[in-house]
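Engineer: First the structure, then my questions, so here it is.
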Amino acid sequence: MMTTDITTQIFNILKQPDCKYLTQEDFKPVLQELLATHPGLEFLQGTPEFQERYAETVIYRIFYYVNRSGNGQLTLRELKRGNLIAAMQHADEEEDINKVLRYFSYEHFYVIYCKFWELDTDHDFLIDKENLIRYGNHALTYRIVDKIFSQLPRKFTSKVEGKMGYEDFVYFILAEEDKSSEPSLEYWFKCIDLDGNGILTPNEMQFFYEEQLHRMECMAQEPVLFEDILCQMIDMIAPENESFFSLRDLKGNKLSGNVFNILFNLNKFMAFETRDPFLIRQEREEPTLTEWDRFAHREYIRLSMEEDAEDASNGSGDVWDESLEAPF
């Protein structure tokens, strides 16, 4: 008798009897069990609302990275190709949930949720273009935000016209802060590929870069002309055909996230141009951490310091009441 491997066993346990794939709903019991039994999540037991938010966030992260077809139907093949089972085993063995960087870290959830809360000024759990343009200290261009809201990279699950929901935001922030990952490269590629023909041409890239150029001029910075930046990007990516970039060109190159920063994120473009020594040192010291891991760690420290500095008088109770303070 053949024994099925652990991934297939878990797949069969989680899925509905007559289904060939897993949905987000199928992961809810796993998260309920984790929240009920994991010592690193015990402190959330008095706050069911935040248990729910944590569970939702973990599930969105799983689908972002593992459900590569992006259709909400996670297949056995996708499960085998991803690293979810290893992460589940890690969460099972590790008492400190924050050491489980893939999917389950509470700190990562905290950062995503606080970022959303900061932008969602009226707290209706929806974000519009004007909210998103404030992301990362106005890092993004209007043109790229327009493309996100035209739902080119991904259809919103929010049912409200012109608004992005929490799940949509989770996809956005993972794409924005982890540009070296494949789902992220696909997300931004769809934004820049204006005619949807599967290649990025100089004209398409210039359309986005024009706004960056304008912003540099407004900030009295030395503008870098598109012709120069295009040469730099071609050198960096070494595409098969120098007259365009394909998704395959980008996926085969560790530096390709920089292309997107150059085109629509001014702060990251500037950090790249100046070759920020702090970031370079960090990468050398912790080569196993992803861009996302580093971002989440920096942000968590910043949020913790802000929370320590705030007192109740200026509204620190807005997001978390005392029982919800993060476990520093």
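Chain labels follow the order of the structure tokens: the first chain is A, the next B, and so on; residue numbering restarts at 1 in every chain, and ligands are counted from 1 in their shown order.
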Using DSSP on the backbone coordinates, identify the residues of region 134-268 of chain A assigned to helix (DSSP H, G or I); present them as a ChimeraX atom specification.
Structural biologist: /A:135-138,142-149,166-177,182-192,202-218,226-237,247-251,257-264,266-268
Engineer: Counting only C-alpha atoms, give me one row per residue of region 170-260 of chain A with an atom at most 12 Å from an atom of region 129-145 of chain A, showing the shortest contact pair and its distance in Å to one decimal, sorted by chain then residue number, as a Markdown table.
Structural biologist:
```
| residue | atom | partner | partner_atom | distance |
| --- | --- | --- | --- | --- |
| A:Phe172 | CA | A:Leu132 | CA | 10.0 |
| A:Ile173 | CA | A:Tyr135 | CA | 9.4 |
| A:Glu176 | CA | A:Leu140 | CA | 9.7 |
| A:Glu177 | CA | A:Gly136 | CA | 10.1 |
| A:Tyr187 | CA | A:Ile144 | CA | 11.5 |
| A:Trp188 | CA | A:Ile144 | CA | 9.0 |
| A:Phe189 | CA | A:Ile144 | CA | 11.3 |
| A:Lys190 | CA | A:Ile144 | CA | 10.9 |
| A:Cys191 | CA | A:Ile144 | CA | 7.1 |
| A:Ile192 | CA | A:Ile144 | CA | 8.2 |
| A:Asp193 | CA | A:Ile144 | CA | 11.5 |
| A:Leu194 | CA | A:Ile144 | CA | 11.1 |
| A:Glu204 | CA | A:Arg143 | CA | 11.7 |
| A:Met205 | CA | A:Ile144 | CA | 11.3 |
| A:Gln206 | CA | A:Arg143 | CA | 11.6 |
| A:Phe207 | CA | A:Arg143 | CA | 8.6 |
| A:Phe208 | CA | A:Arg143 | CA | 6.5 |
| A:Tyr209 | CA | A:Thr141 | CA | 9.2 |
| A:Glu210 | CA | A:Arg143 | CA | 9.8 |
| A:Glu211 | CA | A:Thr141 | CA | 6.7 |
| A:Gln212 | CA | A:Thr141 | CA | 7.1 |
| A:Leu213 | CA | A:Thr141 | CA | 10.7 |
| A:His214 | CA | A:Thr141 | CA | 10.3 |
| A:Arg215 | CA | A:Thr141 | CA | 8.8 |
| A:Met216 | CA | A:Thr141 | CA | 11.7 |
| A:Phe260 | CA | A:Ile144 | CA | 10.1 |
```
Engineer: Give me the region 93-193 of chain A side of the contact with region 235-258 of chain A, cut-off 9 Å, one line per residue showing its nearest atom pair and distance in Å at one decimal, counting only C-alpha atoms, sorted by chain and residue number, as a Markdown table.
Structural biologist:
```
| residue | atom | partner | partner_atom | distance |
| --- | --- | --- | --- | --- |
| A:Asp178 | CA | A:Gly257 | CA | 8.1 |
| A:Lys179 | CA | A:Gly257 | CA | 4.7 |
| A:Ser180 | CA | A:Gly257 | CA | 5.3 |
| A:Ser181 | CA | A:Lys251 | CA | 8.4 |
| A:Glu182 | CA | A:Lys251 | CA | 6.6 |
| A:Ser184 | CA | A:Gly257 | CA | 8.5 |
| A:Leu185 | CA | A:Gly257 | CA | 7.1 |
| A:Glu186 | CA | A:Leu247 | CA | 7.3 |
| A:Phe189 | CA | A:Leu247 | CA | 7.1 |
```
Engineer: Take the residues that were just selected and, keeping N, CA, C and O atoms, output them as an mmCIF file, in the first residue's frame.
Structural biologist:
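File produced: part.cif:
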```
data_model
loop_
_atom_site.group_PDB
_atom_site.id
_atom_site.type_symbol
_atom_site.label_atom_id
_atom_site.label_comp_id
_atom_site.auth_asym_id
_atom_site.auth_seq_id
_atom_site.Cartn_x
_atom_site.Cartn_y
_atom_site.Cartn_z
ATOM 1 N N ASP A 178 8.205 43.734 -1.125
ATOM 2 C CA ASP A 178 8.976 42.509 -1.382
ATOM 3 C C ASP A 178 9.147 42.321 -2.887
ATOM 4 O O ASP A 178 8.737 41.315 -3.451
ATOM 5 N N LYS A 179 9.741 43.332 -3.517
ATOM 6 C CA LYS A 179 9.751 43.347 -4.988
ATOM 7 C C LYS A 179 10.649 42.283 -5.606
ATOM 8 O O LYS A 179 10.679 42.139 -6.814
ATOM 9 N N SER A 180 11.380 41.535 -4.772
ATOM 10 C CA SER A 180 12.216 40.487 -5.364
ATOM 11 C C SER A 180 11.427 39.184 -5.523
ATOM 12 O O SER A 180 11.898 38.243 -6.141
ATOM 13 N N SER A 181 10.215 39.132 -4.969
ATOM 14 C CA SER A 181 9.450 37.873 -5.037
ATOM 15 C C SER A 181 8.675 37.789 -6.350
ATOM 16 O O SER A 181 8.284 38.808 -6.919
ATOM 17 N N GLU A 182 8.428 36.565 -6.790
ATOM 18 C CA GLU A 182 7.728 36.377 -8.075
ATOM 19 C C GLU A 182 6.323 36.974 -8.105
ATOM 20 O O GLU A 182 5.970 37.641 -9.068
ATOM 21 N N SER A 184 5.240 39.493 -6.634
ATOM 22 C CA SER A 184 5.395 40.944 -6.707
ATOM 23 C C SER A 184 5.796 41.381 -8.115
ATOM 24 O O SER A 184 5.252 42.340 -8.668
ATOM 25 N N LEU A 185 6.746 40.672 -8.708
ATOM 26 C CA LEU A 185 7.171 41.012 -10.073
ATOM 27 C C LEU A 185 5.992 40.918 -11.037
ATOM 28 O O LEU A 185 5.823 41.762 -11.923
ATOM 29 N N GLU A 186 5.147 39.906 -10.840
ATOM 30 C CA GLU A 186 3.973 39.756 -11.712
ATOM 31 C C GLU A 186 2.991 40.902 -11.498
ATOM 32 O O GLU A 186 2.417 41.437 -12.449
ATOM 33 N N PHE A 189 4.491 44.095 -13.021
ATOM 34 C CA PHE A 189 4.621 43.937 -14.477
ATOM 35 C C PHE A 189 3.284 44.266 -15.152
ATOM 36 O O PHE A 189 3.228 44.975 -16.158
#
```
Engineer: Can you check which residues of region 8-195 of chain A DSSP gives as strand (DSSP E or B) on the backbone and send them as a PDB file with N, CA, C and O atoms, in the first residue's frame?
Structural biologist:
```pdb
ATOM      1  N   LEU A  22      -8.187  24.041  -2.461  1.00  0.00           N
ATOM      2  CA  LEU A  22      -8.454  24.648  -1.152  1.00  0.00           C
ATOM      3  C   LEU A  22      -8.881  26.103  -1.344  1.00  0.00           C
ATOM      4  O   LEU A  22      -8.330  26.811  -2.198  1.00  0.00           O
ATOM      5  N   LEU A  74      -6.528  27.054  -4.353  1.00  0.00           N
ATOM      6  CA  LEU A  74      -5.163  26.576  -4.152  1.00  0.00           C
ATOM      7  C   LEU A  74      -5.098  25.070  -4.418  1.00  0.00           C
ATOM      8  O   LEU A  74      -5.761  24.293  -3.738  1.00  0.00           O
ATOM      9  N   ILE A 127      -9.992  51.790   1.629  1.00  0.00           N
ATOM     10  CA  ILE A 127      -8.984  52.801   1.287  1.00  0.00           C
ATOM     11  C   ILE A 127      -9.250  53.284  -0.131  1.00  0.00           C
ATOM     12  O   ILE A 127      -9.504  52.474  -1.025  1.00  0.00           O
ATOM     13  N   LEU A 140       4.810  56.793  -3.655  1.00  0.00           N
ATOM     14  CA  LEU A 140       4.370  56.306  -4.963  1.00  0.00           C
ATOM     15  C   LEU A 140       3.864  57.431  -5.859  1.00  0.00           C
ATOM     16  O   LEU A 140       3.388  58.459  -5.377  1.00  0.00           O
ATOM     17  N   MET A 164     -10.393  50.100  -2.050  1.00  0.00           N
ATOM     18  CA  MET A 164      -9.621  48.884  -1.846  1.00  0.00           C
ATOM     19  C   MET A 164      -9.926  48.390  -0.432  1.00  0.00           C
ATOM     20  O   MET A 164      -9.945  49.183   0.508  1.00  0.00           O
TER      21      MET A 164
END
```
Engineer: Please provide the set of residues having any atom within 7 Å of Gly40 (chain A), restricted to only C-alpha atoms, with same-chain residues fewer than 6 positions apart removed, written as a PyMOL selection string.
Structural biologist: chain A and resi 95-97
